[in-house]
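Worksheet: the structure to be examined is printed underneath.
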Amino acid sequence: MPNIIIDGTSIDFKQGQTIIEAARDHGIEIPHFCWHPKLSVSGNCRICLVEVEKMPKLVIACSTLASDGMAVHTKSEKVIAAQNAVMEFLLINHPLDCPICDEAGECKLQDYAYKYGVGESRFVEEKVHKDKRVSLGPRVMFDGERCISCSRCIRFCEEIAKDPELTFVQRGDKVTIVTYPGEEMDNPYSMNTIDICPVGALTSKDFRFKARVWDMSSTNSICVGCSKGCNTEIWVRNNEILRLTPRHNEKVNSYWMCDHGRLNTFKNINADDRINSPQLRKDGQLVEISWDEAVNEAALKLKSFNKEQIAVIGSPFATCEDNFITNKFARTVLGTGNLDFIHHLDPSFADDILRTEDITPNSLGAELVGVQPSKSGMDIHGILSAIKEKKIKALYLIEDDVVEAYPEFENAIAGLDLLIIHSTNHNKSTALADIIFPAATYAEKNGTFVNVSGMVQRIHPAVSVVEQDRALDGMSVSRLDKFGTKYDRWASGKKINSLPTWKILISVSKAIGSKLKFNIAEEVFAEMANSIDAFKGLDYDILGESGSKIRSEIPNKVKVS
Ligand code: SF4
Ligand code: SF4
């Protein structure tokens with residue numbers, strides 16, 4: 001491999017790489033505003049100027065190809081003087097309104113001003129003023145004074161979202177960003193421009209002015225908006241989720257996520273319709289009861305049915321761990337093979353960038369862990385017909401809304417003798433339930449999802465739930481967050497009293513008399529890895545933060561014995 005020498009250190013590089021790319025591959029950071037690894041090179045910000053021996057002038061590292069034997073200096077006197085000059089130039093008209101800027105704390109301009117600037121300005125004239133609140137589209141606001149004209153947002157729309165919506169107008173210090181006449185920046189990926197804008201010129205209408213970045217914690221997670229499983233960070237203040245941002249994973253979503261996933265997959269967590277305690281129908285009304293009462297009532301009622309009269313519906317919204325225990329619960333505790341889950345497909349949602357037609361995060365995982373009918377059991381359509389014919393009298397529904405998915409069966413489901421539901425929020429099905437268990441959301445538990453390509457990926461608790469009114473069979477729920485701080489739901493005034501679905505099922509199993517015993521999600525995963533080929537050899541450590549491929553071909557339909 002050819003070599004390049006950067007600041008005296010020899011590193012190898014791939015033919016065709018630029019200096020900035022070669023350096024980055026070896027952990028050497030050359031400052032940059034306009035360059036982004038996934039966008040074309042525009043070379044306009046000039047902060048990446050470096051000195052190359054035998055070249056008469058400084059060159060920009062983002063567009064100069066590395067060549068064998070090239071000697072590059074990134075910290076020489078000439079380079080530092082150039083960096084100082086570029087920073088001074090960029091800050092001439094910048095409003096320096098960091099104290100009220102959403103980007104403060106995660107702003108490249110702010111960071112570089114400390115690192116590469118001289119710390120003072122010689123500019124005493126009036127700064128150029130521009131519009132500070134321009135709506136570029138339904139989700140993004142533009143501040144013209146903060147823009148440093150790097151063109152990342154323009155290139156993103158053209159090259160990644162494939163929807164050219166933005167352009168520069170005017171020249172010199174009057175230059176600014178606008179949408180094309182009659183256009184809005186409303187492409188389904190528009191909010192990625194906020195992430196890649198190196199300054200606070202583009203802000204999220206949903207998030208702006210809600211929190212300072214240093215007041216929030218962030219937790220790695222996975223988007224639940226479709227089966228792509230984009231890697232995300234969940235940003236939390238006072239135990240309330242305030243925003244999601246994409247997390248880089250080249251095998252899944254690169255640096256991006258769609259606006260739907262970013263905005264619509266966390267607001268149910270603190271919503272008013274959140275189910276906050278177990279409920280039992282008494283005299284036609286759902287009333288709150290204790291966990292013990294709910295578990296015992298569910299067990300007692302389930303025991304009164306023949307196994308042929310019971311069906312279980314798992315969930316592509318729930319984790320592999322939840323579905324694995326659902327499978328065990330159905331087959332070994334209730335003795336039924338009437339087991340399936342509902343596929344939620346929306347072809348109009350899919351595109352050839354990230355979004356898939358499966359609008360759930362874990363269909364493949366539910367299938368792989370065996371949530372499907374046994375040979376003699378009924379699938380989802382058989383179950384619904386049998387409910388209509390009153391052959392199925394008891395339905396155990398996990399984290400889904402069967403009435404929303406199949407409105408024509410609403411009357412039949414209302415006629416069940418027993419409907420038990422695990423749900424995070426109230427919906428059309430919970431309105432008909434006899435017993436409701438409050439399920440923890442994806443942001444409140446550990447577990448895994450398998451995406452459309454077979455990547456097994458971890459989720460972690462980002463917000464905490466409160467202690468149960470009484471620990472279930474020795475299983476207590478921590479109210480400590482990951483920093484060991486005690487939290488209630490201060491922001492919403494709610495105390496969310498929920499458990500992961502798999503834990504609720506273990507409690508009900510024990511009340512029925514079964515020996516199912518797992519204490520933490522990791523143990524459930526270990527049992528999956530022991531017993532299911534696709535997960536063989538995997539554990540939470542191996543999955544890490546970027547996931548691993550399942551250890552088998554992606555099945556059309558997994559066989560269940
Ligand atoms: S708005 Fe941000 S991303 Fe777009 S050109 Fe200005 S500084 Fe660059
Ligand atoms: S593409 Fe799918 S997984 Fe990715 S952010 Fe959008 S909805 Fe979420």
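FYI, nothing fancy with the structure tokens labels: chains A, B, ... in order, residues from 1 per chain, ligands from 1 as they appear.
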Write as JSON, numbers by chain the residues around ligand 1, taking 8 Å as the cut-off and counting only C-alpha atoms and all ligand atoms. {"A": [33, 34, 142, 143, 144, 146, 147, 148, 149, 150, 151, 152, 153, 154, 176, 177, 193, 194, 196, 197, 198, 199, 200, 201, 202]}
Dump N, CA and C atoms for the selected residues as a PDB file, in the first residue's frame?
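out_36.pdb written:
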ATOM      1  N   PHE A  33     -15.403  22.097   7.833  1.00  0.00           N
ATOM      2  CA  PHE A  33     -16.814  22.476   7.956  1.00  0.00           C
ATOM      3  C   PHE A  33     -17.618  21.907   6.791  1.00  0.00           C
ATOM      4  N   CYS A  34     -17.173  22.186   5.560  1.00  0.00           N
ATOM      5  CA  CYS A  34     -18.009  21.831   4.407  1.00  0.00           C
ATOM      6  C   CYS A  34     -17.835  20.379   3.994  1.00  0.00           C
ATOM      7  N   PHE A 142     -34.499  28.216   9.545  1.00  0.00           N
ATOM      8  CA  PHE A 142     -33.181  28.691   9.093  1.00  0.00           C
ATOM      9  C   PHE A 142     -32.870  30.055   9.688  1.00  0.00           C
ATOM     10  N   ASP A 143     -31.645  30.219  10.176  1.00  0.00           N
ATOM     11  CA  ASP A 143     -31.164  31.494  10.684  1.00  0.00           C
ATOM     12  C   ASP A 143     -30.045  31.951   9.751  1.00  0.00           C
ATOM     13  N   GLY A 144     -30.336  32.943   8.911  1.00  0.00           N
ATOM     14  CA  GLY A 144     -29.399  33.372   7.879  1.00  0.00           C
ATOM     15  C   GLY A 144     -28.093  33.920   8.431  1.00  0.00           C
ATOM     16  N   ARG A 146     -26.416  32.957  11.036  1.00  0.00           N
ATOM     17  CA  ARG A 146     -25.482  31.939  11.552  1.00  0.00           C
ATOM     18  C   ARG A 146     -24.850  31.108  10.429  1.00  0.00           C
ATOM     19  N   CYS A 147     -25.454  31.116   9.258  1.00  0.00           N
ATOM     20  CA  CYS A 147     -25.006  30.255   8.151  1.00  0.00           C
ATOM     21  C   CYS A 147     -23.593  30.641   7.711  1.00  0.00           C
ATOM     22  N   ILE A 148     -22.733  29.635   7.516  1.00  0.00           N
ATOM     23  CA  ILE A 148     -21.368  29.915   7.027  1.00  0.00           C
ATOM     24  C   ILE A 148     -21.215  29.472   5.564  1.00  0.00           C
ATOM     25  N   SER A 149     -22.351  29.237   4.907  1.00  0.00           N
ATOM     26  CA  SER A 149     -22.369  28.939   3.461  1.00  0.00           C
ATOM     27  C   SER A 149     -21.516  27.722   3.098  1.00  0.00           C
ATOM     28  N   CYS A 150     -21.606  26.680   3.901  1.00  0.00           N
ATOM     29  CA  CYS A 150     -20.784  25.493   3.627  1.00  0.00           C
ATOM     30  C   CYS A 150     -21.392  24.620   2.531  1.00  0.00           C
ATOM     31  N   SER A 151     -22.697  24.779   2.309  1.00  0.00           N
ATOM     32  CA  SER A 151     -23.465  24.059   1.278  1.00  0.00           C
ATOM     33  C   SER A 151     -23.737  22.587   1.609  1.00  0.00           C
ATOM     34  N   ARG A 152     -23.448  22.164   2.818  1.00  0.00           N
ATOM     35  CA  ARG A 152     -23.760  20.773   3.170  1.00  0.00           C
ATOM     36  C   ARG A 152     -25.255  20.477   2.991  1.00  0.00           C
ATOM     37  N   CYS A 153     -26.113  21.419   3.430  1.00  0.00           N
ATOM     38  CA  CYS A 153     -27.555  21.180   3.363  1.00  0.00           C
ATOM     39  C   CYS A 153     -28.019  21.060   1.911  1.00  0.00           C
ATOM     40  N   ILE A 154     -27.445  21.885   1.029  1.00  0.00           N
ATOM     41  CA  ILE A 154     -27.818  21.841  -0.397  1.00  0.00           C
ATOM     42  C   ILE A 154     -27.414  20.486  -0.977  1.00  0.00           C
ATOM     43  N   THR A 176     -27.013  33.771   0.823  1.00  0.00           N
ATOM     44  CA  THR A 176     -27.842  33.070   1.798  1.00  0.00           C
ATOM     45  C   THR A 176     -28.501  31.863   1.136  1.00  0.00           C
ATOM     46  N   ILE A 177     -29.170  31.063   1.982  1.00  0.00           N
ATOM     47  CA  ILE A 177     -29.827  29.841   1.512  1.00  0.00           C
ATOM     48  C   ILE A 177     -31.313  30.123   1.324  1.00  0.00           C
ATOM     49  N   THR A 193     -30.366  17.577   7.670  1.00  0.00           N
ATOM     50  CA  THR A 193     -29.600  18.804   7.409  1.00  0.00           C
ATOM     51  C   THR A 193     -29.278  19.518   8.721  1.00  0.00           C
ATOM     52  N   ILE A 194     -30.173  19.353   9.717  1.00  0.00           N
ATOM     53  CA  ILE A 194     -29.929  19.978  11.025  1.00  0.00           C
ATOM     54  C   ILE A 194     -28.680  19.351  11.663  1.00  0.00           C
ATOM     55  N   ILE A 196     -26.175  17.850  10.145  1.00  0.00           N
ATOM     56  CA  ILE A 196     -24.893  18.071   9.448  1.00  0.00           C
ATOM     57  C   ILE A 196     -24.547  19.543   9.294  1.00  0.00           C
ATOM     58  N   CYS A 197     -25.500  20.429   9.565  1.00  0.00           N
ATOM     59  CA  CYS A 197     -25.170  21.858   9.546  1.00  0.00           C
ATOM     60  C   CYS A 197     -24.115  22.092  10.639  1.00  0.00           C
ATOM     61  N   PRO A 198     -22.942  22.593  10.276  1.00  0.00           N
ATOM     62  CA  PRO A 198     -21.869  22.680  11.282  1.00  0.00           C
ATOM     63  C   PRO A 198     -22.083  23.786  12.304  1.00  0.00           C
ATOM     64  N   VAL A 199     -23.102  24.611  12.070  1.00  0.00           N
ATOM     65  CA  VAL A 199     -23.420  25.704  13.004  1.00  0.00           C
ATOM     66  C   VAL A 199     -24.908  25.601  13.364  1.00  0.00           C
ATOM     67  N   GLY A 200     -25.422  26.587  14.071  1.00  0.00           N
ATOM     68  CA  GLY A 200     -26.842  26.534  14.472  1.00  0.00           C
ATOM     69  C   GLY A 200     -27.759  27.225  13.479  1.00  0.00           C
ATOM     70  N   ALA A 201     -27.419  27.163  12.186  1.00  0.00           N
ATOM     71  CA  ALA A 201     -28.252  27.860  11.192  1.00  0.00           C
ATOM     72  C   ALA A 201     -29.537  27.100  10.900  1.00  0.00           C
ATOM     73  N   LEU A 202     -29.503  25.777  11.018  1.00  0.00           N
ATOM     74  CA  LEU A 202     -30.702  24.977  10.779  1.00  0.00           C
ATOM     75  C   LEU A 202     -31.118  24.341  12.101  1.00  0.00           C
TER      76      LEU A 202
END
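Residue-level DSSP output for range 9-95 of chain A, from the backbone, shows strand (DSSP E) at A:Thr9, A:Ser10, A:Ile11, A:Asp12, A:Leu49, A:Val50, A:Glu51, A:Val52, A:Val59, A:Ile60, A:Ala71, A:Val72, A:His73.
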Distance limit 6 Å, reference ligand 2, atoms considered: only C-alpha atoms and all ligand atoms. Which residues make the cut? Give them as a VMD selection string. chain A and resid 223 to 230 257 to 258 260 to 262 354 to 355
Which value, in Å to one decimal, gives the distance between CA of Phe13 in chain A and CA of Lys251 in chain A?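 About the pair CA of Phe13 in chain A and CA of Lys251 in chain A: they are 22.0 Å apart.
The gap separating CA of Lys503 in chain A from CA of Asn519 in chain A is 8.0 Å, in Å to one decimal.
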